[in-house]
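Undergrad: The structure file protein_1.cif (mmCIF, C-alpha atoms) is provided below.
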data_entry
loop_
_atom_site.label_atom_id
_atom_site.label_comp_id
_atom_site.auth_asym_id
_atom_site.auth_seq_id
_atom_site.Cartn_x
_atom_site.Cartn_y
_atom_site.Cartn_z
CA MET P 1 146.54 178.34 46.14
CA THR P 2 149.67 177.92 48.26
CA PHE P 3 150.02 179.62 51.61
CA SER P 4 152.36 179.25 54.57
CA PHE P 5 151.76 180.64 58.06
CA GLU P 6 155.52 181.09 58.45
CA THR P 7 155.55 183.81 55.78
CA LEU P 8 153.16 186.06 57.72
CA ARG P 9 154.55 189.35 58.99
CA ARG P 10 153.20 191.70 61.68
CA ARG P 11 154.34 194.93 60.00
CA PRO P 12 153.43 197.76 60.30
CA ASP P 13 152.80 196.58 63.87
CA VAL P 14 155.77 196.11 66.17
CA GLU P 15 158.00 193.23 65.12
CA SER P 16 160.29 191.44 67.56
CA PRO P 17 161.69 187.90 68.03
CA ASN P 18 159.21 187.31 70.86
CA LEU P 19 156.17 188.62 68.96
CA PHE P 20 154.46 186.36 66.43
CA ALA P 21 152.05 186.82 63.53
CA PHE P 22 150.10 183.60 64.25
CA ASP P 23 149.75 180.91 66.87
CA ALA P 24 148.30 177.41 67.34
CA SER P 25 144.79 178.76 67.87
CA ASP P 26 144.70 180.04 64.26
CA ARG P 27 145.50 176.57 62.97
CA LEU P 28 142.98 174.93 65.30
CA ILE P 29 140.14 177.28 64.29
CA LEU P 30 140.76 176.51 60.62
CA ASP P 31 140.97 172.78 61.29
CA GLU P 32 137.71 172.71 63.26
CA ALA P 33 135.96 174.77 60.59
CA ARG P 34 137.34 172.77 57.64
CA GLU P 35 134.10 170.98 56.75
CA ALA P 36 131.96 174.12 57.09
CA LEU P 37 134.43 176.16 55.04
CA GLY P 38 134.45 173.50 52.35
CA GLU P 39 130.68 173.82 52.00
CA ALA P 40 130.59 177.63 52.12
CA GLY P 41 130.06 179.72 49.05
CA SER P 42 131.50 183.05 48.00
CA GLY P 43 130.47 185.81 50.41
CA GLU P 44 129.30 183.40 53.12
CA VAL P 45 132.44 183.46 55.30
CA VAL P 46 133.21 186.19 57.85
CA VAL P 47 136.40 186.52 59.90
CA LEU P 48 136.50 188.50 63.15
CA GLY P 49 139.57 189.45 65.14
CA ASP P 50 142.11 188.11 62.65
CA ARG P 51 145.35 189.53 63.97
CA TYR P 52 147.57 189.57 60.89
CA GLY P 53 145.74 187.48 58.33
CA ALA P 54 146.25 183.85 59.37
CA LEU P 55 142.54 183.03 59.45
CA THR P 56 141.52 184.98 56.37
CA LEU P 57 144.38 183.89 54.14
CA GLY P 58 144.44 180.35 55.51
CA ALA P 59 140.74 179.89 54.72
CA ALA P 60 141.08 181.49 51.29
CA ALA P 61 144.09 179.40 50.28
CA GLU P 62 142.87 176.01 51.50
CA HIS P 63 139.29 176.32 50.26
CA GLU P 64 139.74 178.72 47.32
CA LEU P 65 137.27 181.09 48.92
CA THR P 66 136.57 184.63 47.77
CA GLY P 67 134.33 187.36 49.10
CA ILE P 68 135.53 186.84 52.68
CA ARG P 69 134.39 189.74 54.88
CA VAL P 70 136.73 190.76 57.69
CA PHE P 71 136.52 192.90 60.82
CA GLN P 72 139.76 193.75 62.65
CA ASP P 73 139.79 196.22 65.50
CA ALA P 74 143.41 197.26 65.02
CA LEU P 75 144.25 199.30 61.93
CA THR P 76 147.73 197.74 61.96
CA GLY P 77 146.00 194.36 61.66
CA GLU P 78 144.13 195.54 58.56
CA GLN P 79 147.35 196.87 57.06
CA ALA P 80 149.27 193.67 57.87
CA LEU P 81 146.50 191.53 56.33
CA ALA P 82 146.63 193.58 53.13
CA SER P 83 150.42 193.32 52.98
CA ASN P 84 150.44 189.58 53.70
CA ALA P 85 147.71 189.02 51.11
CA ASP P 86 149.77 190.80 48.46
CA ALA P 87 152.82 188.72 49.32
CA ALA P 88 150.81 185.48 49.11
CA GLY P 89 149.08 186.38 45.85
CA LEU P 90 145.73 186.53 47.63
CA ALA P 91 144.85 190.19 47.25
CA GLY P 92 141.19 190.62 46.34
CA VAL P 93 139.82 187.56 48.17
CA PHE P 94 138.59 189.63 51.14
CA SER P 95 137.17 193.02 52.08
CA SER P 96 137.39 194.93 55.36
CA HIS P 97 134.25 196.13 57.17
CA ALA P 98 132.99 197.68 60.37
CA LEU P 99 131.20 195.47 62.90
CA ASP P 100 127.73 195.92 61.42
CA ALA P 101 125.11 194.45 59.12
CA GLY P 102 127.32 194.95 56.06
CA LEU P 103 129.88 192.63 57.61
CA LEU P 104 127.54 189.85 58.71
CA THR P 105 124.36 189.74 56.64
CA GLY P 106 124.03 186.30 55.06
CA ALA P 107 127.12 184.87 56.78
CA ARG P 108 126.99 181.08 57.29
CA VAL P 109 130.49 180.53 58.70
CA VAL P 110 132.22 182.86 61.17
CA LEU P 111 135.83 182.43 62.26
CA LEU P 112 136.60 184.33 65.45
CA GLN P 113 139.72 184.92 67.50
CA LEU P 114 138.14 185.22 70.93
CA PRO P 115 138.68 188.63 72.56
CA ARG P 116 139.69 188.68 76.20
CA SER P 117 136.97 191.12 77.12
CA LEU P 118 133.55 189.59 77.82
CA ALA P 119 131.97 192.91 76.86
CA GLU P 120 133.64 192.78 73.44
CA LEU P 121 132.53 189.17 73.01
CA GLU P 122 128.97 190.18 73.94
CA GLU P 123 128.93 192.92 71.29
CA ILE P 124 130.34 190.56 68.66
CA ALA P 125 127.97 187.71 69.53
CA ASP P 126 124.98 190.06 69.46
CA ALA P 127 125.99 191.32 66.00
CA ILE P 128 126.44 187.80 64.62
CA ALA P 129 123.11 186.60 66.02
CA ARG P 130 121.37 189.79 64.84
CA TYR P 131 122.60 189.86 61.23
CA ALA P 132 124.08 186.51 60.14
CA HIS P 133 122.14 183.59 58.65
CA GLU P 134 120.03 181.77 61.24
CA ASP P 135 122.01 178.57 60.66
CA VAL P 136 125.37 180.29 61.10
CA ALA P 137 128.22 178.27 62.60
CA VAL P 138 130.75 180.20 64.70
CA PHE P 139 134.23 178.80 65.33
CA ALA P 140 135.70 180.89 68.15
CA GLY P 141 139.16 180.01 69.38
CA GLY P 142 142.01 181.16 71.53
CA ARG P 143 144.81 180.16 73.84
CA ILE P 144 143.52 178.21 76.84
CA LYS P 145 145.21 180.55 79.32
CA HIS P 146 143.00 183.37 78.02
CA LEU P 147 139.69 181.44 77.91
CA THR P 148 137.09 181.37 80.67
CA LEU P 149 133.83 179.49 81.22
CA ALA P 150 132.07 182.86 81.16
CA MET P 151 132.77 182.99 77.41
CA ASN P 152 130.59 179.90 76.94
CA ASP P 153 127.85 181.62 78.94
CA VAL P 154 128.03 184.74 76.76
CA LEU P 155 127.77 182.71 73.55
CA ALA P 156 124.90 180.63 74.99
CA ARG P 157 122.81 183.80 75.29
CA PHE P 158 122.96 184.28 71.52
CA PHE P 159 123.16 180.76 70.05
CA GLY P 160 121.11 177.62 70.48
CA GLU P 161 124.10 175.28 70.71
CA VAL P 162 127.53 175.91 72.21
CA HIS P 163 130.23 173.33 72.87
CA ALA P 164 134.00 173.26 73.31
CA THR P 165 136.42 171.16 71.29
CA ARG P 166 139.30 169.19 72.67
CA ALA P 167 142.39 171.18 73.46
CA ARG P 168 145.41 171.09 71.17
CA GLN P 169 148.74 172.84 71.63
CA LYS P 170 147.32 174.85 74.52
CA SER P 171 144.44 176.12 72.36
CA ARG P 172 140.72 175.41 72.24
CA VAL P 173 137.75 176.29 70.04
CA LEU P 174 134.18 177.05 71.10
CA ILE P 175 131.65 176.16 68.40
CA ALA P 176 128.29 177.97 68.43
CA ARG P 177 125.41 177.24 66.07
CA GLY P 178 121.88 178.51 65.51
CA ALA P 179 121.43 182.24 65.96
CA LEU P 180 118.93 183.37 68.59
CA ARG P 181 117.72 186.64 67.09
CA PRO P 182 117.98 189.51 69.63
CA THR P 183 114.66 191.23 70.20
CA CYS P 184 116.08 194.31 71.93
CA ALA P 185 118.39 197.09 70.77
CA PRO P 186 122.14 196.38 70.47
CA PRO P 187 123.80 196.45 73.91
CA TYR P 188 126.51 198.95 72.93
CA PRO P 189 127.59 201.68 73.16
CA ARG P 190 126.89 202.14 76.84
CA PHE P 191 127.01 205.49 78.63
CA GLU P 192 128.10 206.67 82.07
CA GLU P 193 127.87 210.16 83.53
CA HIS P 194 130.89 211.55 85.35
CA PRO P 195 129.71 214.65 87.24
CA GLU P 196 133.23 215.43 88.47
CA LEU P 197 134.30 215.81 84.84
CA GLY P 198 131.09 217.32 83.54
CA LEU P 199 131.16 214.60 80.88
CA THR P 200 129.20 211.57 79.74
CA VAL P 201 131.51 208.77 78.60
CA ALA P 202 130.46 206.24 75.95
CA GLY P 203 132.05 202.87 75.43
CA HIS P 204 131.70 199.99 73.00
CA GLY P 205 132.55 196.47 74.13
CA GLY P 206 136.26 195.96 74.66
CA VAL P 207 137.36 199.60 74.72
CA PHE P 208 140.01 200.31 77.34
CA ALA P 209 138.46 201.30 80.69
CA ALA P 210 134.93 200.84 79.28
CA THR P 211 132.80 203.83 80.32
CA GLY P 212 134.93 204.49 83.37
CA LEU P 213 137.86 206.83 83.94
CA ASP P 214 141.16 204.98 84.22
CA ILE P 215 143.45 206.30 86.92
CA GLY P 216 146.23 207.30 84.53
CA THR P 217 143.91 209.51 82.49
CA ARG P 218 142.43 210.90 85.70
CA TYR P 219 145.90 211.94 86.85
CA LEU P 220 146.78 213.55 83.50
CA LEU P 221 143.51 215.53 83.49
CA GLY P 222 144.79 217.44 86.50
CA PHE P 223 147.60 218.93 84.41
CA LEU P 224 145.66 220.09 81.35
CA ASP P 225 145.59 223.64 82.72
CA ARG P 226 149.33 223.72 81.86
CA VAL P 227 148.47 223.69 78.14
CA SER P 228 149.56 226.98 76.60
CA PRO P 229 146.70 229.47 76.18
CA ASP P 230 148.15 230.26 72.74
CA ALA P 231 147.76 226.66 71.51
CA GLY P 232 145.71 226.40 68.33
CA VAL P 233 145.76 222.64 67.55
CA ALA P 234 145.70 219.79 70.06
CA ILE P 235 145.77 216.03 69.50
CA ASP P 236 144.62 213.26 71.85
CA LEU P 237 146.96 210.47 70.71
CA GLY P 238 145.57 207.01 71.49
CA CYS P 239 142.29 208.60 72.48
CA GLY P 240 140.36 205.56 73.74
CA THR P 241 136.89 206.76 74.67
CA GLY P 242 137.91 210.35 73.98
CA ILE P 243 137.96 211.71 77.53
CA LEU P 244 141.09 213.83 77.10
CA ALA P 245 139.91 215.19 73.75
CA ALA P 246 136.51 216.05 75.25
CA ALA P 247 138.10 217.74 78.27
CA LEU P 248 140.38 219.85 76.07
CA ALA P 249 137.52 220.86 73.78
CA GLN P 250 135.30 221.66 76.75
CA ARG P 251 137.90 223.80 78.50
CA ARG P 252 139.24 225.53 75.36
CA PRO P 253 136.37 226.36 72.97
CA ASN P 254 138.75 227.96 70.45
CA LEU P 255 141.14 224.99 70.37
CA ALA P 256 141.01 222.72 67.32
CA VAL P 257 141.05 219.20 68.77
CA ILE P 258 141.81 215.92 67.01
CA ALA P 259 141.28 212.51 68.62
CA ALA P 260 143.24 209.64 67.05
CA ASP P 261 143.37 205.90 67.73
CA GLN P 262 144.12 202.83 65.65
CA SER P 263 141.33 200.85 67.33
CA ALA P 264 137.98 200.81 65.51
CA ILE P 265 136.28 200.17 68.86
CA ALA P 266 138.01 203.20 70.42
CA VAL P 267 137.16 205.46 67.48
CA ALA P 268 133.48 204.48 67.63
CA SER P 269 133.50 205.04 71.40
CA ALA P 270 135.19 208.44 71.14
CA ARG P 271 132.70 209.60 68.51
CA ALA P 272 129.83 208.51 70.75
CA THR P 273 131.39 210.30 73.75
CA LEU P 274 131.85 213.54 71.84
CA LEU P 275 128.34 213.37 70.40
CA ALA P 276 126.89 212.76 73.87
CA ASN P 277 128.60 215.94 75.12
CA GLY P 278 127.77 218.18 72.18
CA LEU P 279 131.40 218.29 71.09
CA GLU P 280 131.00 217.18 67.48
CA ARG P 281 133.54 219.84 66.45
CA VAL P 282 136.30 217.47 67.60
CA THR P 283 137.73 215.53 64.66
CA VAL P 284 138.04 211.78 65.31
CA VAL P 285 140.33 209.71 63.08
CA ARG P 286 141.38 206.08 62.93
CA ASP P 287 145.10 206.18 62.36
CA ASN P 288 148.23 204.15 62.94
CA GLY P 289 149.78 206.60 65.36
CA LEU P 290 149.76 209.97 63.59
CA SER P 291 150.61 208.77 60.08
CA GLN P 292 147.82 210.89 58.56
CA GLN P 293 148.92 214.11 60.28
CA PRO P 294 151.28 216.59 58.59
CA ASP P 295 154.63 217.54 60.06
CA ALA P 296 155.00 220.33 62.61
CA HIS P 297 151.38 221.47 62.88
CA ALA P 298 150.21 220.56 66.41
CA ASP P 299 150.84 222.83 69.39
CA VAL P 300 150.02 220.22 72.01
CA ILE P 301 149.66 216.44 72.10
CA VAL P 302 148.35 214.48 75.08
CA CYS P 303 149.06 210.77 75.37
CA ASN P 304 148.42 207.89 77.76
CA PRO P 305 150.49 205.30 75.87
CA PRO P 306 150.08 201.51 76.06
CA PHE P 307 152.81 199.54 77.79
CA HIS P 308 152.07 196.28 76.00
CA VAL P 309 151.74 194.88 72.48
CA GLY P 310 149.00 192.26 72.44
CA SER P 311 149.59 190.17 75.56
CA SER P 312 153.31 190.99 75.82
CA VAL P 313 154.78 193.83 77.86
CA HIS P 314 156.71 195.82 75.26
CA THR P 315 157.78 199.45 74.92
CA GLY P 316 157.72 199.43 71.12
CA ALA P 317 154.20 200.83 70.76
CA ALA P 318 154.84 203.73 73.15
CA LEU P 319 158.15 204.65 71.51
CA ALA P 320 156.48 204.68 68.10
CA LEU P 321 153.88 207.13 69.44
CA PHE P 322 156.62 209.36 70.85
CA ARG P 323 158.34 209.43 67.45
CA ASP P 324 155.08 210.38 65.73
CA ALA P 325 154.47 213.11 68.30
CA ALA P 326 157.95 214.53 67.72
CA ARG P 327 157.31 214.76 63.98
CA VAL P 328 153.84 216.28 64.25
CA LEU P 329 154.57 218.84 66.98
CA ALA P 330 155.42 222.34 65.86
CA PRO P 331 158.68 223.76 67.25
CA GLY P 332 157.98 224.81 70.81
CA GLY P 333 155.01 222.44 70.98
CA SER P 334 154.40 220.25 74.01
CA LEU P 335 153.77 216.53 74.52
CA PHE P 336 151.98 215.73 77.80
CA THR P 337 152.45 212.07 78.72
CA VAL P 338 151.25 209.89 81.59
CA PHE P 339 152.78 206.48 82.23
CA ASN P 340 153.42 203.92 84.93
CA SER P 341 156.35 205.32 86.91
CA HIS P 342 158.39 202.12 86.75
CA LEU P 343 158.61 202.47 82.94
CA ALA P 344 160.78 205.59 83.34
CA TYR P 345 160.21 206.95 79.85
CA GLN P 346 161.94 210.27 80.60
CA PRO P 347 165.23 209.41 78.81
CA ASP P 348 163.30 208.21 75.74
CA LEU P 349 161.17 211.36 75.70
CA ARG P 350 164.23 213.60 75.97
CA ARG P 351 165.96 211.72 73.16
CA ILE P 352 162.96 211.52 70.82
CA VAL P 353 160.98 214.71 71.54
CA GLY P 354 163.09 217.18 73.52
CA PRO P 355 163.62 218.62 77.00
CA THR P 356 161.33 216.80 79.42
CA THR P 357 160.06 217.91 82.82
CA VAL P 358 158.20 215.85 85.42
CA LEU P 359 155.00 217.73 86.25
CA GLY P 360 153.74 215.26 88.82
CA GLN P 361 154.38 211.83 90.26
CA ASN P 362 152.44 209.64 92.65
CA THR P 363 152.90 206.07 93.82
CA LYS P 364 151.89 204.67 90.42
CA PHE P 365 152.00 207.30 87.67
CA THR P 366 154.28 209.99 86.30
CA VAL P 367 153.14 212.95 84.18
CA THR P 368 155.71 214.70 82.01
CA VAL P 369 155.77 217.52 79.49
CA SER P 370 158.27 217.36 76.64
CA THR P 371 158.99 220.40 74.48
CA LYS P 372 160.07 220.12 70.87
CA PRO P 373 163.05 222.42 70.34
CA ALA P 374 163.23 224.94 67.54
CA PRO P 375 165.36 223.82 64.59
CA ARG P 376 168.98 224.85 64.72
CA THR P 377 170.13 227.62 62.43
CA ARG P 378 173.63 228.52 61.32
CA ASP P 379 173.65 231.39 63.78
CA ASN P 380 172.94 228.91 66.60
#
Before anything else, please render the file you have as structure tokens.

TA:
Amino acid sequence: MTFSFETLRRRPDVESPNLFAFDASDRLILDEAREALGEAGSGEVVVLGDRYGALTLGAAAEHELTGIRVFQDALTGEQALASNADAAGLAGVFSSHALDAGLLTGARVVLLQLPRSLAELEEIADAIARYAHEDVAVFAGGRIKHLTLAMNDVLARFFGEVHATRARQKSRVLIARGALRPTCAPPYPRFEEHPELGLTVAGHGGVFAATGLDIGTRYLLGFLDRVSPDAGVAIDLGCGTGILAAALAQRRPNLAVIAADQSAIAVASARATLLANGLERVTVVRDNGLSQQPDAHADVIVCNPPFHVGSSVHTGAALALFRDAARVLAPGGSLFTVFNSHLAYQPDLRRIVGPTTVLGQNTKFTVTVSTKPAPRTRDN
């Protein structure tokens, strides 16, 4: 099979000249794992954290592997992998899974793009050690600027042998072998009570803000009483652990609430949060923005948008969410947004959604409400 990293695309994720679909750490992981991959059979290779398909498709093409099992947190990553596989003639060599026994049982080789969060690495390492073959070899790599010695310590809790390779092109790989079977229950999700909210928050490893309450969401919560009492459908867009969705459902028992996020970790966390608070009536969906939602059916959308794409500060993700909100809001519907004040999204919100008012502003955050105008008629 022929495959070139240069042909990889990020779409449907944000694409820009300064955003890339692969880096040197992908190449180094595959190089360090070459011998193990060459000895692996069908169904014995697992890939974790592949951003847009470099690891999965690189391994499949070089070693003619099939039955590769893949876990990607970002739905856009899954969609990009599928698209890149089609373009490379490699569709069908892999399958996507949740982070569970179905992903890892019997795995002998694991390729891992190291997450930045130690909590996420802990959850991943526990799952590998719990379900994979006892002789599993893990090749975990990343850019040196994002690696810490604490990552070695986390892996050493779950594997008998851990060592680092030499650096190359500002990247390094940690190799772990020999699973140490956990004897206790999985460490995640974790739970934290927030009496001031009347909520228990659940979080899987790596979810934004963990089980805490980030200060942007805290600020936005103070304005939820501005939601129209006539609202019938509300959406928490980019729901994270589901705090805003839970607060809306708790305060408005007759409100139909949807929580949406493209992160598998966030969706699992939100479901656990809602279950812990007896709010199972909230619908939780994994979605790229609001692509699964019909036009003009939501009365209110709340959003604490990201201000970065991967490790790069970039407004593309937030603007895409605003465009989705504008499509999904019913005429007269409201988008409540909180963002770092220096980002000054007000002109974008006015242009994309409609008239925008600042509801509150402190030294760090701004909360706005944008109203979707009614469609123009000939009489207008």

Undergrad: How would you write as a list in words the residues that get within 6 Å of (126.7, 209.9, 74.5) in the file's frame, counting only C-alpha atoms?

TA: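 Those residues lying close to the given coordinates are Ala202, Ala272, Thr273, Leu275 and Ala276 of chain P.
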
Undergrad: Counting only C-alpha atoms, which of P:Tyr345, P:Tyr52, P:Phe191, P:Phe322 gets nearest to Phe365 of chain P?

TA: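 Between P:Tyr345, P:Tyr52, P:Phe191, P:Phe322, the residue approaching Phe365 of chain P most closely is P:Tyr345.
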
Undergrad: Tell me which residues the PyMOL selection byres ((chain P and resi 29-37) around 10) grabs here, as number ranges by chain.

TA: P: 24-28, 38-41, 44-45, 54-56, 58-60, 62-65, 108-113, 136-142, 165, 171-175

Undergrad: On this structure, which residues satisfy the PyMOL selection byres ((chain P and resi 118-130) around 9), written as a PyMOL selection string?

TA: chain P and resi 48+99-101+104-105+107+110+114-117+131-134+136+138+150-151+154-155+157-159+178-183+186-188+204-207+210

Undergrad: Can you tell me which residues surround Arg327 of chain P at a distance of at most 9 Å, considering only C-alpha atoms, apart from same-chain residues fewer than 5 positions away, and format the answer as an NGL selection string?

TA: :P and (290 or 294-296 or 322 or 353)

Undergrad: With the PyMOL selection byres ((chain P and resi 229) around 12) as the selection, what would be picked from this file? Answer as a ChimeraX atom specification, please.

TA: /P:224-228,230-234,248,251-255,299-300
